$ cat model_11.cif   # mmCIF, N, CA and C atoms
data_coords
loop_
_atom_site.label_atom_id
_atom_site.label_comp_id
_atom_site.auth_asym_id
_atom_site.auth_seq_id
_atom_site.Cartn_x
_atom_site.Cartn_y
_atom_site.Cartn_z
N ALA M 245 16.94 -5.32 45.81
CA ALA M 245 15.98 -5.75 46.81
C ALA M 245 15.23 -6.99 46.33
N ILE M 246 14.83 -6.99 45.08
CA ILE M 246 14.08 -8.14 44.55
C ILE M 246 14.96 -9.38 44.53
N GLU M 247 16.19 -9.24 44.04
CA GLU M 247 17.09 -10.39 43.98
C GLU M 247 17.41 -10.93 45.37
N ALA M 248 17.55 -10.05 46.35
CA ALA M 248 17.82 -10.49 47.72
C ALA M 248 16.60 -11.22 48.28
N ALA M 249 15.42 -10.72 48.03
CA ALA M 249 14.20 -11.33 48.56
C ALA M 249 13.93 -12.70 47.94
N VAL M 250 14.28 -12.87 46.68
CA VAL M 250 14.05 -14.16 46.01
C VAL M 250 14.81 -15.28 46.72
N GLN M 251 15.96 -14.97 47.29
CA GLN M 251 16.78 -15.97 47.96
C GLN M 251 16.34 -16.24 49.40
N ALA M 252 15.44 -15.42 49.92
CA ALA M 252 15.01 -15.53 51.31
C ALA M 252 13.92 -16.58 51.46
N LYS M 253 13.79 -17.10 52.68
CA LYS M 253 12.73 -18.07 52.97
C LYS M 253 11.36 -17.43 52.82
N VAL M 254 11.21 -16.22 53.36
CA VAL M 254 10.00 -15.42 53.19
C VAL M 254 10.34 -14.34 52.18
N ARG M 255 9.61 -14.27 51.07
CA ARG M 255 9.92 -13.32 50.01
C ARG M 255 9.02 -12.10 50.12
N TYR M 256 9.67 -10.95 50.34
CA TYR M 256 8.89 -9.72 50.54
C TYR M 256 9.71 -8.52 50.08
N VAL M 257 9.07 -7.65 49.29
CA VAL M 257 9.66 -6.38 48.87
C VAL M 257 8.56 -5.34 48.88
N SER M 258 8.84 -4.18 49.49
CA SER M 258 7.89 -3.07 49.40
C SER M 258 8.65 -1.80 49.07
N VAL M 259 8.00 -0.94 48.31
CA VAL M 259 8.55 0.36 47.96
C VAL M 259 7.46 1.39 48.24
N GLU M 260 7.78 2.38 49.04
CA GLU M 260 6.83 3.45 49.35
C GLU M 260 7.42 4.79 48.91
N LEU M 261 6.60 5.59 48.29
CA LEU M 261 6.99 6.95 47.91
C LEU M 261 6.02 7.90 48.60
N ARG M 262 6.57 8.90 49.28
CA ARG M 262 5.72 9.86 49.98
C ARG M 262 6.23 11.27 49.76
N ASN M 263 5.31 12.19 49.64
CA ASN M 263 5.64 13.61 49.59
C ASN M 263 5.41 14.15 50.99
N ILE M 264 6.49 14.55 51.65
CA ILE M 264 6.40 15.05 53.01
C ILE M 264 6.91 16.48 53.02
N ASP M 265 5.99 17.42 53.17
CA ASP M 265 6.32 18.85 53.14
C ASP M 265 7.14 19.17 51.90
N ASP M 266 8.42 19.50 52.09
CA ASP M 266 9.26 19.87 50.95
C ASP M 266 10.23 18.75 50.58
N ALA M 267 9.86 17.51 50.88
CA ALA M 267 10.79 16.40 50.64
C ALA M 267 10.08 15.20 50.02
N LEU M 268 10.88 14.39 49.34
CA LEU M 268 10.42 13.11 48.81
C LEU M 268 11.02 12.04 49.71
N GLU M 269 10.18 11.16 50.21
CA GLU M 269 10.65 10.04 51.03
C GLU M 269 10.45 8.76 50.24
N ILE M 270 11.51 7.97 50.13
CA ILE M 270 11.46 6.68 49.46
C ILE M 270 11.88 5.64 50.47
N ILE M 271 11.02 4.65 50.70
CA ILE M 271 11.34 3.58 51.64
C ILE M 271 11.30 2.25 50.88
N VAL M 272 12.40 1.51 50.95
CA VAL M 272 12.47 0.18 50.36
C VAL M 272 12.74 -0.80 51.49
N LYS M 273 11.89 -1.82 51.58
CA LYS M 273 12.05 -2.83 52.61
C LYS M 273 12.00 -4.19 51.94
N ASN M 274 12.93 -5.06 52.32
CA ASN M 274 12.92 -6.40 51.73
C ASN M 274 13.51 -7.43 52.68
N THR M 275 13.14 -8.68 52.44
CA THR M 275 13.75 -9.78 53.16
C THR M 275 15.05 -10.16 52.46
N TYR M 276 15.84 -10.97 53.12
CA TYR M 276 17.12 -11.41 52.56
C TYR M 276 17.50 -12.75 53.19
N ALA M 277 18.41 -13.44 52.54
CA ALA M 277 18.96 -14.68 53.08
C ALA M 277 20.36 -14.39 53.61
N GLY M 278 20.78 -15.13 54.62
CA GLY M 278 22.13 -14.94 55.14
C GLY M 278 22.20 -13.84 56.17
N GLN M 279 23.35 -13.18 56.22
CA GLN M 279 23.60 -12.14 57.20
C GLN M 279 23.77 -10.78 56.52
N VAL M 280 23.19 -9.74 57.11
CA VAL M 280 23.39 -8.37 56.65
C VAL M 280 23.67 -7.53 57.89
N THR M 281 24.70 -6.69 57.78
CA THR M 281 25.02 -5.78 58.88
C THR M 281 24.92 -4.34 58.37
N GLU M 282 24.76 -3.42 59.29
CA GLU M 282 24.73 -2.01 58.90
C GLU M 282 26.05 -1.61 58.27
N ALA M 283 27.15 -2.19 58.71
CA ALA M 283 28.46 -1.88 58.14
C ALA M 283 28.51 -2.24 56.66
N GLN M 284 27.90 -3.36 56.27
CA GLN M 284 27.85 -3.74 54.86
C GLN M 284 27.12 -2.69 54.03
N LEU M 285 26.09 -2.11 54.58
CA LEU M 285 25.27 -1.15 53.85
C LEU M 285 25.99 0.17 53.61
N LEU M 286 27.08 0.39 54.30
CA LEU M 286 27.86 1.62 54.11
C LEU M 286 28.77 1.54 52.89
N HIS M 287 28.88 0.37 52.30
CA HIS M 287 29.72 0.18 51.12
C HIS M 287 28.83 0.08 49.88
N PRO M 288 28.94 1.02 48.94
CA PRO M 288 28.03 1.08 47.79
C PRO M 288 27.94 -0.19 46.97
N LYS M 289 28.98 -1.00 46.90
CA LYS M 289 28.92 -2.20 46.06
C LYS M 289 28.74 -3.47 46.87
N SER M 290 28.31 -3.32 48.11
CA SER M 290 28.08 -4.47 48.97
C SER M 290 26.86 -5.25 48.48
N THR M 291 26.95 -6.57 48.60
CA THR M 291 25.83 -7.41 48.22
C THR M 291 25.92 -8.73 48.99
N THR M 292 24.81 -9.38 49.16
CA THR M 292 24.80 -10.71 49.79
C THR M 292 24.78 -11.80 48.73
N LYS M 293 24.73 -11.40 47.46
CA LYS M 293 24.60 -12.37 46.38
C LYS M 293 25.93 -12.59 45.66
N PRO M 294 26.38 -13.83 45.58
CA PRO M 294 27.63 -14.10 44.87
C PRO M 294 27.54 -13.69 43.41
N GLY M 295 28.59 -13.07 42.89
CA GLY M 295 28.64 -12.69 41.49
C GLY M 295 27.89 -11.41 41.16
N HIS M 296 27.36 -10.71 42.15
CA HIS M 296 26.63 -9.47 41.93
C HIS M 296 27.43 -8.30 42.49
N SER M 297 27.06 -7.08 42.08
CA SER M 297 27.85 -5.92 42.52
C SER M 297 27.03 -4.87 43.26
N GLY M 298 25.87 -5.18 43.76
CA GLY M 298 25.13 -4.24 44.60
C GLY M 298 24.68 -2.98 43.89
N HIS M 299 24.01 -3.11 42.75
CA HIS M 299 23.57 -1.94 41.98
C HIS M 299 22.59 -1.06 42.74
N GLY M 300 21.72 -1.65 43.54
CA GLY M 300 20.76 -0.85 44.30
C GLY M 300 21.44 0.11 45.26
N LEU M 301 22.43 -0.38 45.99
CA LEU M 301 23.16 0.48 46.91
C LEU M 301 23.95 1.55 46.15
N CYS M 302 24.49 1.19 45.00
CA CYS M 302 25.21 2.18 44.18
C CYS M 302 24.27 3.32 43.80
N SER M 303 23.05 2.99 43.45
CA SER M 303 22.07 4.02 43.07
C SER M 303 21.76 4.94 44.24
N VAL M 304 21.61 4.36 45.42
CA VAL M 304 21.34 5.16 46.61
C VAL M 304 22.49 6.12 46.88
N TYR M 305 23.71 5.62 46.84
CA TYR M 305 24.87 6.46 47.13
C TYR M 305 25.12 7.50 46.03
N ASP M 306 24.71 7.19 44.81
CA ASP M 306 24.79 8.18 43.73
C ASP M 306 23.84 9.35 44.02
N ILE M 307 22.63 9.04 44.45
CA ILE M 307 21.66 10.08 44.81
C ILE M 307 22.21 10.93 45.96
N LEU M 308 22.77 10.27 46.97
CA LEU M 308 23.31 10.99 48.13
C LEU M 308 24.47 11.90 47.73
N SER M 309 25.31 11.45 46.81
CA SER M 309 26.46 12.26 46.42
C SER M 309 26.07 13.47 45.58
N ARG M 310 24.94 13.39 44.89
CA ARG M 310 24.50 14.48 44.02
C ARG M 310 23.57 15.47 44.72
N ASN M 311 23.10 15.13 45.91
CA ASN M 311 22.13 15.98 46.61
C ASN M 311 22.59 16.22 48.04
N LYS M 312 23.02 17.45 48.32
CA LYS M 312 23.49 17.76 49.67
C LYS M 312 22.36 17.71 50.69
N ASP M 313 21.12 17.76 50.22
CA ASP M 313 19.97 17.70 51.12
C ASP M 313 19.28 16.34 51.07
N ALA M 314 20.05 15.29 50.82
CA ALA M 314 19.52 13.92 50.82
C ALA M 314 20.14 13.15 51.98
N PHE M 315 19.32 12.33 52.62
CA PHE M 315 19.76 11.59 53.79
C PHE M 315 19.25 10.16 53.72
N ILE M 316 20.02 9.23 54.30
CA ILE M 316 19.63 7.83 54.31
C ILE M 316 19.57 7.32 55.74
N ASN M 317 18.61 6.46 56.01
CA ASN M 317 18.48 5.81 57.30
C ASN M 317 18.28 4.32 57.04
N TRP M 318 19.14 3.49 57.62
CA TRP M 318 19.06 2.04 57.45
C TRP M 318 18.50 1.40 58.71
N GLN M 319 17.73 0.35 58.53
CA GLN M 319 17.31 -0.49 59.64
C GLN M 319 17.52 -1.93 59.22
N VAL M 320 18.22 -2.68 60.05
CA VAL M 320 18.48 -4.08 59.76
C VAL M 320 17.86 -4.92 60.85
N GLY M 321 16.96 -5.81 60.45
CA GLY M 321 16.34 -6.74 61.37
C GLY M 321 16.82 -8.16 61.08
N SER M 322 16.27 -9.13 61.78
CA SER M 322 16.73 -10.50 61.60
C SER M 322 16.32 -11.08 60.25
N GLN M 323 15.27 -10.53 59.62
CA GLN M 323 14.83 -11.02 58.32
C GLN M 323 14.66 -9.91 57.30
N TYR M 324 14.62 -8.66 57.75
CA TYR M 324 14.33 -7.53 56.87
C TYR M 324 15.44 -6.48 56.92
N VAL M 325 15.62 -5.81 55.80
CA VAL M 325 16.45 -4.61 55.77
C VAL M 325 15.57 -3.51 55.17
N SER M 326 15.68 -2.32 55.72
CA SER M 326 14.86 -1.20 55.26
C SER M 326 15.76 0.01 55.04
N ALA M 327 15.54 0.67 53.91
CA ALA M 327 16.28 1.90 53.60
C ALA M 327 15.26 3.02 53.42
N GLN M 328 15.46 4.10 54.16
CA GLN M 328 14.63 5.29 54.04
C GLN M 328 15.50 6.40 53.48
N LEU M 329 15.17 6.83 52.27
CA LEU M 329 15.91 7.90 51.60
C LEU M 329 15.03 9.14 51.61
N LEU M 330 15.55 10.23 52.16
CA LEU M 330 14.80 11.48 52.23
C LEU M 330 15.55 12.52 51.41
N ILE M 331 14.86 13.07 50.40
CA ILE M 331 15.47 14.06 49.51
C ILE M 331 14.68 15.35 49.64
N HIS M 332 15.32 16.38 50.17
CA HIS M 332 14.67 17.68 50.32
C HIS M 332 14.75 18.46 49.02
N ALA M 333 13.71 19.25 48.72
CA ALA M 333 13.67 20.07 47.51
C ALA M 333 14.55 21.27 47.65
#
$ encode --input "model_11.cif" --output "structure tokens"
Amino acid sequence: AIEAAVQAKVRYVSVELRNIDDALEIIVKNTYAGQVTEAQLLHPKSTTKPGHSGHGLCSVYDILSRNKDAFINWQVGSQYVSAQLLIHA
């Protein structure tokens, strides 16, 4: 998220952690340069940066694969991408 935001015209990264009932909610929102589609976000090693391998997405998909009660929700806007990860206890 940080590396993507650094390349954007407007640089913004936020990380929110919330305890919601019996779950942990993690929301990461950042700006980016270029184009991002929801289809790209479905591939763990997808990245918009040349020479990089998308470690952030790999981490998200690793959490999802290890937790049957974990869910991800993506939102892609014209300047922002947001990932909401919900992990139930």
$ resolve_selection --input "model_11.cif" --expression "the PyMOL selection byres (((chain M and resi 322-332 and name CA) around 8) and name CA)" --output "PyMOL selection string"
chain M and resi 266-277+280+304+311+313-321+333
$ select_by_dssp --input "model_11.cif" --residues "chain M" --states "strand (DSSP E)" --output "number ranges by chain"
M: 257-264, 267-275, 314-320, 324-332
$ atom_distance --input "model_11.cif" --atom1 "CA of Ala245 (chain M)" --atom2 "atom N of Val259 (chain M)"
9.4 Å
$ atom_distance --input "model_11.cif" --atom1 "CA of Arg262 (chain M)" --atom2 "atom N of Val250 (chain M)"
24.5 Å
$ atom_distance --input "model_11.cif" --atom1 "atom C of Gln279 (chain M)" --atom2 "atom N of Gly300 (chain M)"
16.0 Å
